[in-house]
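Asks: Before I ask anything, let me first share the structure, which is written out below as structure tokens.
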Amino acid sequence: MAELHPDVSIRSKLTAVTLITCIVALTLAALSVIVFELVNARQDLERHLGSLAAVVASRAGASTSGGPGDRELAVRALEPLRLDPDVGAARISATDGTVLADYRRDATVVPAEATTAAITNLDGAVVVSQVVEANGAPVGTLRLQGSLDAVRTRVRTYGWIMSGVLLVSILLAYVISRALTERISGPIARLTAVADRVSRSRDYGARAVKESDDEIGTLVERFNEMLTQIERRTGDLQQARAELEARVRERTATLEHEVEERRRAEESLALAKAAAEEASLAKSAFLANMSHELRTPLNAIIGYSEMLQEDASAQGATECLSDLQKVTTAGRQLLALVTGVLDLSKIEAGRMELHVEAFAGVNLLKAVIDTAEPLARDRHNRLDIAGMDALGILQTDPVKLQQILLNLVGNACKFTSHGRIDVEASRLPRPEGDWLQVVVRDTGIGMTPEQMSRLFREFSQADVSTTRRFGGTGLGLAISQRLCQLMGGRITVESEFGRGSTFTMRVPAELPLTITDAPGSFRAADHGPAPVIIGPATILVVDDDAAHRELTARLLARAGCRVLTAETAGAGLELARTSEPDAIVLDLVLPDDSGWSVLETLKADPALRAVPVVISSILDDRTRSLAGGAEDHLLKPVDAERLVSVLQSALARRRTVEPPLAAAGRAGTTAW
């Protein structure tokens with residue numbers, strides 16, 4: 001069975017098992033019969049030879065004396081053996097071993113050796129020994145030797161008969177097993193065919209036929225039940241699949257609808273974003289234009305009012321000074337409003353840049369205190385500052401930092417009357433880098449939690465009554481917070497209504513450098529008398545605004561300068577080449593070309609490269625101005641003292657490296 005190929009059919013396997021079993025059984029039976037016959041034949045031969053030996057020994061003993069006559073008697077005693085085919089040889093010997101008679105059936109028989117055993121089984125022969133007695137005494141020995149050839153012949157005959165019987169039995173067993181195994185293998189084969197059809201066609205409605213109530217019938221029943229369950233589950237799965245496909249189609253349609261809606265929403269958002277960007281650009285353009293339109297008359301208002309104050313003071317017309325001061329104050333307030341709106345617009349548009357410089361922190365704090373001191377005196381407040389000597393060198397945007405601190409200290413002075421304002425500055429060491437902290441604490445009106453929630457909103461103050469009482473636009477703190485966040489810090493506030501407020505500003509003490517001046521280059525506004533340029537100096541003013549051009553010329557003339565003016569970029573370059581000025585004050589907005597082009601042309605000309613250029617414009621792009629080689633960038637309306645101070649410093653630096661420049665021709669110029 002172990003040698004049967006696994007792919008052989010079950011019918012062949014059953015037939016093979018039956019045949020092998022039959023062959024083994026018949027073979028064992030045949031071998032048993034043959035062995036039995038062989039043993040019986042040997043035993044019959046032994047009994048026969050024993051009986052025959054007893055008869056022959058009795059006859060030989062009655063006539064044996066050992067003499068010559070005895071030999072004849074002995075030979076006669078052996079004569080009857082010739083009639084027995086089972087005896088092959090015989091011998092009578094005297095007690096002394098003398099052979100008295102010897103018998104051989106034929107010459108091929110070899111007598112066996114003498115032995116003391118009564119029966120000796122040799123290969124192919126059986127030897128029987130019998131004592132010959134005479135008168136009760138042993139006188140010799142008789143040995144009969146029988147051949148097993150007849151036994152063998154009979155066994156061979158039986159073998160052939162058994163072989164024939166075995167062959168016939170195998171043939172009958174094969175025929176019978178083929179007929180009987182069909183009763184077993186047939187249902188299994190038909191069940192296999194049904195299973196194969198189901199496997200190939202997925203026809204779970206097919207059923208196998210039960211042909212009996214035995215184990216095969218039970219197998220068929222279980223197979224049919226399995227098909228029934230599979231068919232039912234397949235139907236359930238198909239139904240579930242159909243429902244799932246319907247749900248998928250429904251969900252797909254929903255998703256497609258949602259995607260379409262989202263696409264439309266994105267398109268709407270894109271359009272809204274484009275519209276918002278366009279509106280932002282329009283707003284920026286509007287604010288820039290309005291800034292130009294507002295700053296231009298403000299230049300004249302502030303400039304002329306300051307000059308009128310100087311003239312009235314020089315002429316002793318003190319009755320006009322108060323009115324002129326109100327005009328100047330109103331103009332500066334309007335300028336602050338315009339500047340605040342523009343700063344807020346730049347912050348919202350992400351165009352506000354930091355101009356990082358290294359400077360001494362004590363100088364900036366002193367400038368803030370000097371600026372806020374008059375306001376504190378007007379409100380009868382005491383202004384104290386502590387810790388500014390320990391700030392060291394700061395590396396940040398000094399202008400924006402000063403703007404934040406001026407707003408915080410100015411608000412404290414404005415909302416406090418007959419009180420105290422404390423300013424505490426400190427440098428806080430941190431692993432990631434030092435921080436600058438400035439705490440402004442006042443004893444003013446304080447704020448409620450609701451008022452504090454609106455504190456940093458644009459155009460929002462504590463409430464309407466506060467606006468009416470103290471004025472202001474509500475932009476200062478909002479812009480200060482935005483600027484503080486731009487520098488990587490923030491402003492926090494603590495307040496109690498009626499008890500005062502505490503504002504804390506924290507910003508990094510050192511920011512990465514972009515465009516830097518030398519350490520300590522921060523120049524605080526000097527509110528003393530305007531400095532006078534030492535020595536003769538020719539200043540060229542290039543500006544398309546006649547009022548600002550005139551005001552700047554009169555300012556520089558009072559500072560002891562000789563002033564040349566030009567209205568266009570072309571005229572300004574021509575005057576610069578012909579008159580060789582000591583310094584140039586340049587506007588960026590010119591009718592025929594931009595001030596950037598004029599600055600680039602001046603710095604590219606070897607003869608004019610060393611002439612200091614100070615930008616004076618409503619455009620706030622100090623980074624580009626300094627990168628282009630300008631000494632400084634001043635926003636209009638330009639502070640007179642600041643302009644004179646910048647020019648004085650630039651001319652002083654130039655005189656240290658070259659002799660004073662001689663005044664040149666005045667063709668096509670207006671001199672003041």
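Residue numbering restarts at 1 for every chain of the structure tokens, chains are lettered A, B, ... in their displayed order, and ligands are numbered from 1 as they appear.
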Please report, as a ChimeraX atom specification, each residue of range 8-244 of chain A to which DSSP assigns alpha helix (DSSP H) when run on this structure's backbone.

Replies: /A:10-61,68-78,149-201,215-244

Asks: Put those residues in a file: C-alpha atoms, as a short mmCIF file (atom, residue, chain, number, x, y, z; two decimals), in the first residue's frame.

Replies:
```cif
data_model
loop_
_atom_site.label_atom_id
_atom_site.label_comp_id
_atom_site.auth_asym_id
_atom_site.auth_seq_id
_atom_site.Cartn_x
_atom_site.Cartn_y
_atom_site.Cartn_z
CA ILE A 10 -9.71 5.01 -5.02
CA ARG A 11 -11.20 2.12 -6.99
CA SER A 12 -7.72 0.98 -8.05
CA LYS A 13 -6.51 1.39 -4.51
CA LEU A 14 -9.34 -0.74 -3.14
CA THR A 15 -8.72 -3.40 -5.82
CA ALA A 16 -5.01 -3.38 -5.05
CA VAL A 17 -5.68 -3.76 -1.32
CA THR A 18 -8.03 -6.68 -1.96
CA LEU A 19 -5.60 -8.46 -4.30
CA ILE A 20 -2.62 -7.94 -2.01
CA THR A 21 -4.60 -9.24 0.92
CA CYS A 22 -5.75 -12.26 -1.06
CA ILE A 23 -2.26 -12.99 -2.37
CA VAL A 24 -0.73 -12.76 1.07
CA ALA A 25 -3.44 -14.97 2.60
CA LEU A 26 -3.29 -17.61 -0.13
CA THR A 27 0.51 -17.60 -0.12
CA LEU A 28 0.62 -18.12 3.61
CA ALA A 29 -1.97 -20.90 3.32
CA ALA A 30 -0.03 -22.63 0.54
CA LEU A 31 3.22 -22.39 2.43
CA SER A 32 1.52 -23.79 5.52
CA VAL A 33 0.16 -26.77 3.57
CA ILE A 34 3.53 -27.46 1.95
CA VAL A 35 5.39 -27.27 5.25
CA PHE A 36 2.73 -29.45 6.86
CA GLU A 37 3.01 -32.05 4.08
CA LEU A 38 6.79 -31.99 4.25
CA VAL A 39 6.80 -32.56 8.01
CA ASN A 40 4.14 -35.31 7.80
CA ALA A 41 5.97 -37.07 4.94
CA ARG A 42 9.22 -37.08 6.93
CA GLN A 43 7.47 -38.36 10.02
CA ASP A 44 5.68 -41.11 7.98
CA LEU A 45 9.03 -42.10 6.48
CA GLU A 46 10.61 -42.30 9.91
CA ARG A 47 7.75 -44.42 11.27
CA HIS A 48 7.81 -46.68 8.21
CA LEU A 49 11.59 -47.15 8.35
CA GLY A 50 11.37 -47.79 12.09
CA SER A 51 8.76 -50.53 11.68
CA LEU A 52 10.64 -52.05 8.79
CA ALA A 53 13.92 -51.98 10.71
CA ALA A 54 12.29 -53.82 13.65
CA VAL A 55 11.05 -56.62 11.35
CA VAL A 56 14.36 -56.96 9.48
CA ALA A 57 16.38 -56.89 12.75
CA SER A 58 14.18 -59.64 14.21
CA ARG A 59 14.70 -61.87 11.17
CA ALA A 60 18.43 -61.16 11.10
CA GLY A 61 18.90 -61.87 14.86
CA PRO A 68 30.26 -67.09 7.08
CA GLY A 69 26.87 -68.67 7.06
CA ASP A 70 25.54 -65.72 8.93
CA ARG A 71 26.44 -63.42 6.08
CA GLU A 72 24.22 -65.33 3.74
CA LEU A 73 21.43 -65.21 6.26
CA ALA A 74 22.01 -61.49 6.70
CA VAL A 75 21.90 -60.93 2.96
CA ARG A 76 18.67 -62.87 2.79
CA ALA A 77 17.25 -60.77 5.60
CA LEU A 78 17.87 -57.69 3.51
CA ASP A 149 13.13 -37.76 -2.93
CA ALA A 150 9.59 -39.02 -3.01
CA VAL A 151 8.63 -36.54 -0.31
CA ARG A 152 10.16 -33.77 -2.32
CA THR A 153 8.39 -34.86 -5.44
CA ARG A 154 5.10 -34.83 -3.60
CA VAL A 155 5.83 -31.40 -2.14
CA ARG A 156 6.67 -30.06 -5.59
CA THR A 157 3.42 -31.47 -6.87
CA TYR A 158 1.59 -29.77 -4.06
CA GLY A 159 3.47 -26.57 -4.88
CA TRP A 160 2.33 -26.58 -8.47
CA ILE A 161 -1.18 -27.34 -7.44
CA MET A 162 -1.12 -24.51 -4.87
CA SER A 163 0.38 -22.13 -7.44
CA GLY A 164 -2.42 -22.87 -9.83
CA VAL A 165 -4.97 -22.50 -7.08
CA LEU A 166 -3.31 -19.20 -6.05
CA LEU A 167 -3.35 -17.85 -9.59
CA VAL A 168 -6.98 -18.80 -10.11
CA SER A 169 -7.84 -17.34 -6.72
CA ILE A 170 -6.08 -14.05 -7.59
CA LEU A 171 -7.98 -13.80 -10.86
CA LEU A 172 -11.26 -14.51 -9.12
CA ALA A 173 -10.36 -12.05 -6.34
CA TYR A 174 -9.57 -9.35 -8.93
CA VAL A 175 -12.86 -9.89 -10.72
CA ILE A 176 -14.83 -9.99 -7.51
CA SER A 177 -12.97 -6.96 -6.01
CA ARG A 178 -13.56 -4.89 -9.13
CA ALA A 179 -17.23 -5.68 -8.89
CA LEU A 180 -17.43 -5.09 -5.16
CA THR A 181 -15.21 -1.95 -5.01
CA GLU A 182 -17.54 -0.31 -7.48
CA ARG A 183 -20.13 -0.33 -4.69
CA ILE A 184 -17.68 1.70 -2.56
CA SER A 185 -15.70 3.78 -5.04
CA GLY A 186 -18.65 4.55 -7.31
CA PRO A 187 -20.50 6.83 -4.84
CA ILE A 188 -17.19 8.44 -3.84
CA ALA A 189 -16.28 9.05 -7.49
CA ARG A 190 -19.70 10.55 -8.17
CA LEU A 191 -19.38 12.72 -5.05
CA THR A 192 -15.97 13.82 -6.29
CA ALA A 193 -17.45 14.70 -9.69
CA VAL A 194 -20.13 16.86 -8.03
CA ALA A 195 -17.49 18.58 -5.89
CA ASP A 196 -15.34 19.22 -8.98
CA ARG A 197 -18.32 20.69 -10.86
CA VAL A 198 -19.16 22.96 -7.93
CA SER A 199 -15.54 24.04 -7.72
CA ARG A 200 -15.33 24.86 -11.41
CA SER A 201 -18.73 26.42 -12.06
CA GLU A 215 -20.61 6.07 6.05
CA ILE A 216 -20.52 7.09 2.39
CA GLY A 217 -24.22 7.98 2.53
CA THR A 218 -23.54 10.05 5.67
CA LEU A 219 -20.66 11.78 3.84
CA VAL A 220 -22.99 12.59 0.93
CA GLU A 221 -25.57 14.03 3.33
CA ARG A 222 -22.97 16.21 5.05
CA PHE A 223 -21.62 17.32 1.69
CA ASN A 224 -25.09 18.33 0.53
CA GLU A 225 -25.70 20.19 3.81
CA MET A 226 -22.39 22.02 3.34
CA LEU A 227 -23.44 23.03 -0.19
CA THR A 228 -26.76 24.26 1.20
CA GLN A 229 -24.98 26.43 3.78
CA ILE A 230 -22.52 27.72 1.19
CA GLU A 231 -25.38 28.50 -1.18
CA ARG A 232 -27.23 30.37 1.54
CA ARG A 233 -24.13 32.27 2.62
CA THR A 234 -23.25 33.00 -0.99
CA GLY A 235 -26.70 34.45 -1.47
CA ASP A 236 -26.27 36.51 1.68
CA LEU A 237 -22.85 37.66 0.49
CA GLN A 238 -24.20 38.58 -2.93
CA GLN A 239 -27.01 40.51 -1.31
CA ALA A 240 -24.57 42.21 1.05
CA ARG A 241 -22.28 42.94 -1.89
CA ALA A 242 -25.15 44.43 -3.85
CA GLU A 243 -26.10 46.55 -0.84
CA LEU A 244 -22.47 47.55 -0.36
#
```

Asks: Residues at most 8 Å from Asp543 in chain A, counting only C-alpha atoms, excluding those fewer than 5 positions away in the same chain, as a PyMOL selection string?

Replies: chain A and resi 548-549+565-568+586-587+589-590

Asks: Can you write out as JSON lines which residues of range 352-374 of chain A fall within 12 Å of range 485-507 of chain A, alongside each residue's closest atom pair and its distance in Å to one decimal, counting only C-alpha atoms and ordering rows by chain and ascending residue number?

Replies:
```
{"residue": "A:Met352", "atom": "CA", "partner": "A:Leu486", "partner_atom": "CA", "distance": 8.4}
{"residue": "A:Glu353", "atom": "CA", "partner": "A:Leu486", "partner_atom": "CA", "distance": 8.5}
{"residue": "A:Leu354", "atom": "CA", "partner": "A:Met487", "partner_atom": "CA", "distance": 7.7}
{"residue": "A:His355", "atom": "CA", "partner": "A:Met487", "partner_atom": "CA", "distance": 10.5}
{"residue": "A:Val356", "atom": "CA", "partner": "A:Met487", "partner_atom": "CA", "distance": 9.9}
```

Asks: Write a file of the selected residues as a tab-separated table (two decimals), in the first residue's frame, keeping N, CA, C and O atoms.

Replies:
```tsv
chain	number	residue	atom	x	y	z
A	352	MET	N	6.37	94.88	6.99
A	352	MET	CA	7.14	95.57	8.01
A	352	MET	C	8.45	94.82	8.23
A	352	MET	O	8.45	93.62	8.48
A	353	GLU	N	9.56	95.52	8.11
A	353	GLU	CA	10.87	94.90	8.24
A	353	GLU	C	11.58	95.44	9.47
A	353	GLU	O	11.33	96.57	9.90
A	354	LEU	N	12.47	94.60	9.99
A	354	LEU	CA	13.31	95.03	11.11
A	354	LEU	C	14.67	95.45	10.58
A	354	LEU	O	15.27	94.77	9.75
A	355	HIS	N	15.15	96.58	11.06
A	355	HIS	CA	16.49	97.08	10.71
A	355	HIS	C	17.35	96.95	11.95
A	355	HIS	O	17.36	97.81	12.83
A	356	VAL	N	18.05	95.83	12.03
A	356	VAL	CA	18.77	95.47	13.25
A	356	VAL	C	20.09	96.22	13.31
A	356	VAL	O	20.85	96.26	12.33
```

Asks: Separation of CA of Pro612 in chain A and CA of Val585 in chain A, in Å?

Replies: 8.7 Å

Asks: In Å, rounded to a single decimal, give me how far CA of Ala317 in chain A is from CA of Glu550 in chain A.

Replies: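 Here the two named atoms are 23.6 Å from each other.
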
Asks: Tell me which protein, DNA and RNA residues are within 10 Å of Leu428 in chain A, counting only C-alpha atoms, leaving out same-chain ones fewer than 4 positions away, and put them as a ChimeraX atom specification.

Replies: /A:391,433-437,506,508-509

Asks: Output as a ChimeraX atom specification all residues of range 312-447 of chain A that backbone DSSP marks as strand (DSSP E).

Replies: /A:357-360,382-386,393-396,420-428,435-442

Asks: Set the distance at 6 Å and use only C-alpha atoms: which residues neighbour range 635-639 of chain A once local chain neighbours fewer than 3 positions away are removed? I'd like the list as an NGL selection string.

Replies: :A and (299 or 616-618 or 642)

Asks: Please provide as a short mmCIF file (atom, residue, chain, number, x, y, z; two decimals) with all heavy atoms, in the first residue's frame all residues within 9 Å of range 410-415 of chain A, with the sequence filter that same-chain residues fewer than 3 positions apart are discarded (counting only C-alpha atoms).

Replies:
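Result file is result.cif:
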```
data_model
loop_
_atom_site.label_atom_id
_atom_site.label_comp_id
_atom_site.auth_asym_id
_atom_site.auth_seq_id
_atom_site.Cartn_x
_atom_site.Cartn_y
_atom_site.Cartn_z
N THR A 371 12.30 112.22 26.06
CA THR A 371 11.12 112.58 25.26
C THR A 371 9.86 112.60 26.12
O THR A 371 8.97 113.45 25.93
CB THR A 371 10.95 111.56 24.11
OG1 THR A 371 12.14 111.53 23.33
CG2 THR A 371 9.78 111.94 23.23
N ALA A 372 9.76 111.65 27.07
CA ALA A 372 8.54 111.56 27.88
C ALA A 372 8.54 112.52 29.07
O ALA A 372 7.48 112.76 29.66
CB ALA A 372 8.38 110.12 28.38
N GLU A 373 9.68 113.04 29.41
CA GLU A 373 9.77 113.91 30.59
C GLU A 373 8.85 115.13 30.50
O GLU A 373 8.14 115.45 31.48
CB GLU A 373 11.22 114.35 30.80
CG GLU A 373 11.48 115.12 32.08
CD GLU A 373 11.29 114.26 33.32
OE1 GLU A 373 11.69 113.07 33.27
OE2 GLU A 373 10.72 114.76 34.31
N LEU A 375 5.98 115.48 28.98
CA LEU A 375 4.60 115.04 29.17
C LEU A 375 4.34 114.69 30.63
O LEU A 375 3.26 114.99 31.17
CB LEU A 375 4.31 113.82 28.28
CG LEU A 375 2.90 113.23 28.34
CD1 LEU A 375 1.85 114.28 27.99
CD2 LEU A 375 2.78 112.03 27.41
N ALA A 376 5.31 114.07 31.29
CA ALA A 376 5.15 113.75 32.70
C ALA A 376 5.03 115.03 33.53
O ALA A 376 4.20 115.11 34.46
CB ALA A 376 6.33 112.90 33.18
N ARG A 377 5.82 116.04 33.21
CA ARG A 377 5.73 117.30 33.95
C ARG A 377 4.39 117.97 33.72
O ARG A 377 3.79 118.54 34.64
CB ARG A 377 6.87 118.23 33.53
CG ARG A 377 8.24 117.82 34.06
CD ARG A 377 9.22 118.98 33.96
NE ARG A 377 9.34 119.46 32.58
CZ ARG A 377 10.24 119.03 31.72
NH1 ARG A 377 11.12 118.10 32.08
NH2 ARG A 377 10.29 119.51 30.50
N ASP A 378 3.89 117.92 32.47
CA ASP A 378 2.60 118.55 32.19
C ASP A 378 1.49 117.92 33.02
O ASP A 378 0.53 118.61 33.39
CB ASP A 378 2.27 118.41 30.70
CG ASP A 378 3.19 119.27 29.83
OD1 ASP A 378 3.85 120.17 30.39
OD2 ASP A 378 3.25 119.00 28.61
N ARG A 379 1.58 116.63 33.33
CA ARG A 379 0.53 115.94 34.09
C ARG A 379 0.88 115.87 35.57
O ARG A 379 0.20 115.17 36.32
CB ARG A 379 0.34 114.52 33.54
CG ARG A 379 -0.01 114.45 32.06
CD ARG A 379 -1.42 114.87 31.81
NE ARG A 379 -2.36 113.94 32.42
CZ ARG A 379 -3.68 114.12 32.49
NH1 ARG A 379 -4.20 115.24 31.98
NH2 ARG A 379 -4.46 113.22 33.05
N ASN A 381 3.44 114.48 37.09
CA ASN A 381 3.82 113.13 37.47
C ASN A 381 5.31 113.06 37.74
O ASN A 381 6.11 113.86 37.21
CB ASN A 381 3.47 112.13 36.36
CG ASN A 381 1.98 112.00 36.15
OD1 ASN A 381 1.21 111.98 37.11
ND2 ASN A 381 1.56 111.92 34.89
N LEU A 383 8.57 110.80 37.18
CA LEU A 383 9.04 109.75 36.27
C LEU A 383 10.41 109.27 36.74
O LEU A 383 11.37 110.03 36.76
CB LEU A 383 9.13 110.27 34.83
CG LEU A 383 9.63 109.30 33.76
CD1 LEU A 383 8.75 108.08 33.67
CD2 LEU A 383 9.70 110.01 32.39
N LEU A 405 8.61 101.68 23.45
CA LEU A 405 8.81 102.22 24.80
C LEU A 405 8.20 103.61 24.95
O LEU A 405 7.62 103.93 26.00
CB LEU A 405 10.30 102.25 25.12
CG LEU A 405 10.98 100.87 25.21
CD1 LEU A 405 12.47 101.02 25.46
CD2 LEU A 405 10.34 100.03 26.30
N LEU A 406 8.32 104.44 23.91
CA LEU A 406 7.70 105.77 23.98
C LEU A 406 6.18 105.65 24.12
O LEU A 406 5.56 106.43 24.86
CB LEU A 406 8.06 106.58 22.73
CG LEU A 406 9.41 107.28 22.73
CD1 LEU A 406 9.68 107.92 21.37
CD2 LEU A 406 9.48 108.33 23.82
N ASN A 407 5.61 104.68 23.44
CA ASN A 407 4.16 104.51 23.54
C ASN A 407 3.77 104.06 24.94
O ASN A 407 2.80 104.58 25.52
CB ASN A 407 3.68 103.49 22.51
CG ASN A 407 2.17 103.36 22.47
OD1 ASN A 407 1.60 102.56 23.19
ND2 ASN A 407 1.54 104.17 21.64
N GLY A 419 0.68 111.67 39.87
CA GLY A 419 1.06 110.34 40.35
C GLY A 419 2.51 110.02 40.07
O GLY A 419 3.37 110.92 39.99
N ARG A 420 2.77 108.75 39.87
CA ARG A 420 4.15 108.29 39.71
C ARG A 420 4.22 107.24 38.60
O ARG A 420 3.35 106.37 38.51
CB ARG A 420 4.67 107.70 41.02
CG ARG A 420 6.10 107.19 40.95
CD ARG A 420 6.56 106.76 42.31
NE ARG A 420 7.92 106.21 42.26
CZ ARG A 420 8.63 105.85 43.33
NH1 ARG A 420 8.07 105.98 44.53
NH2 ARG A 420 9.84 105.36 43.20
N ILE A 421 5.27 107.34 37.79
CA ILE A 421 5.54 106.36 36.73
C ILE A 421 6.94 105.81 36.98
O ILE A 421 7.92 106.58 37.01
CB ILE A 421 5.44 106.97 35.32
CG1 ILE A 421 4.00 107.39 35.00
CG2 ILE A 421 5.91 105.96 34.28
CD1 ILE A 421 3.73 108.83 35.31
N VAL A 440 6.81 99.07 32.87
CA VAL A 440 6.31 100.44 33.06
C VAL A 440 5.12 100.35 34.00
O VAL A 440 4.08 99.79 33.66
CB VAL A 440 5.92 101.09 31.70
CG1 VAL A 440 5.40 102.50 31.94
CG2 VAL A 440 7.10 101.09 30.75
N ARG A 441 5.28 100.93 35.19
CA ARG A 441 4.26 100.84 36.23
C ARG A 441 3.78 102.26 36.57
O ARG A 441 4.59 103.15 36.80
CB ARG A 441 4.84 100.15 37.45
CG ARG A 441 3.84 99.85 38.54
CD ARG A 441 4.52 99.16 39.73
NE ARG A 441 5.04 97.84 39.36
CZ ARG A 441 6.32 97.58 39.15
NH1 ARG A 441 7.21 98.55 39.28
NH2 ARG A 441 6.72 96.36 38.83
N ASP A 442 2.44 102.45 36.55
CA ASP A 442 1.90 103.78 36.86
C ASP A 442 0.85 103.66 37.95
O ASP A 442 0.38 102.58 38.29
CB ASP A 442 1.31 104.42 35.60
CG ASP A 442 0.12 103.67 35.06
OD1 ASP A 442 -0.94 103.64 35.73
OD2 ASP A 442 0.22 103.08 33.95
N THR A 443 0.47 104.82 38.47
CA THR A 443 -0.57 104.90 39.51
C THR A 443 -1.79 105.62 38.96
O THR A 443 -2.46 106.37 39.67
CB THR A 443 -0.03 105.63 40.75
OG1 THR A 443 0.40 106.96 40.35
CG2 THR A 443 1.14 104.89 41.36
N GLY A 444 -2.07 105.39 37.67
CA GLY A 444 -3.13 106.12 36.99
C GLY A 444 -4.51 105.53 37.20
O GLY A 444 -4.81 104.91 38.23
N ILE A 445 -5.36 105.66 36.18
CA ILE A 445 -6.78 105.34 36.31
C ILE A 445 -7.03 103.83 36.31
O ILE A 445 -8.07 103.37 36.77
CB ILE A 445 -7.58 106.00 35.19
CG1 ILE A 445 -7.11 105.49 33.82
CG2 ILE A 445 -7.46 107.52 35.25
CD1 ILE A 445 -7.94 106.00 32.66
N GLY A 446 -6.09 103.03 35.80
CA GLY A 446 -6.29 101.59 35.78
C GLY A 446 -7.36 101.16 34.79
O GLY A 446 -7.96 101.98 34.08
N PHE A 470 -9.20 111.64 27.19
CA PHE A 470 -7.76 111.66 27.01
C PHE A 470 -7.35 111.74 25.54
O PHE A 470 -6.17 111.93 25.25
CB PHE A 470 -7.13 110.41 27.63
CG PHE A 470 -7.30 110.33 29.12
CD1 PHE A 470 -8.32 109.58 29.69
CD2 PHE A 470 -6.44 111.03 29.95
CE1 PHE A 470 -8.47 109.50 31.06
CE2 PHE A 470 -6.59 110.95 31.33
CZ PHE A 470 -7.61 110.20 31.90
N GLY A 476 -1.84 103.00 19.16
CA GLY A 476 -0.50 102.91 19.74
C GLY A 476 -0.19 101.55 20.33
O GLY A 476 0.82 100.92 19.98
N LEU A 477 -1.04 101.04 21.24
CA LEU A 477 -0.77 99.76 21.87
C LEU A 477 -0.89 98.59 20.88
O LEU A 477 -0.14 97.61 20.97
CB LEU A 477 -1.71 99.55 23.05
CG LEU A 477 -1.39 100.37 24.30
CD1 LEU A 477 -2.45 100.13 25.37
CD2 LEU A 477 -0.01 100.01 24.85
N GLY A 500 -4.12 101.79 39.01
CA GLY A 500 -2.97 101.87 38.12
C GLY A 500 -2.78 100.61 37.29
O GLY A 500 -3.51 99.62 37.43
N SER A 501 -1.78 100.65 36.41
CA SER A 501 -1.52 99.55 35.47
C SER A 501 -0.03 99.27 35.43
O SER A 501 0.80 100.15 35.71
CB SER A 501 -2.02 99.88 34.07
OG SER A 501 -3.40 100.20 34.09
N THR A 502 0.30 98.03 35.03
CA THR A 502 1.70 97.62 34.86
C THR A 502 1.83 96.94 33.50
O THR A 502 1.22 95.90 33.26
CB THR A 502 2.15 96.65 35.96
OG1 THR A 502 2.01 97.30 37.23
CG2 THR A 502 3.59 96.25 35.76
#
```

Asks: Please measure the separation of CA of Arg249 in chain A and CA of Tyr204 in chain A, giving the value in Å to one decimal.

Replies: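 CA of Tyr204 in chain A lies at a distance of 28.7 Å from CA of Arg249 in chain A.
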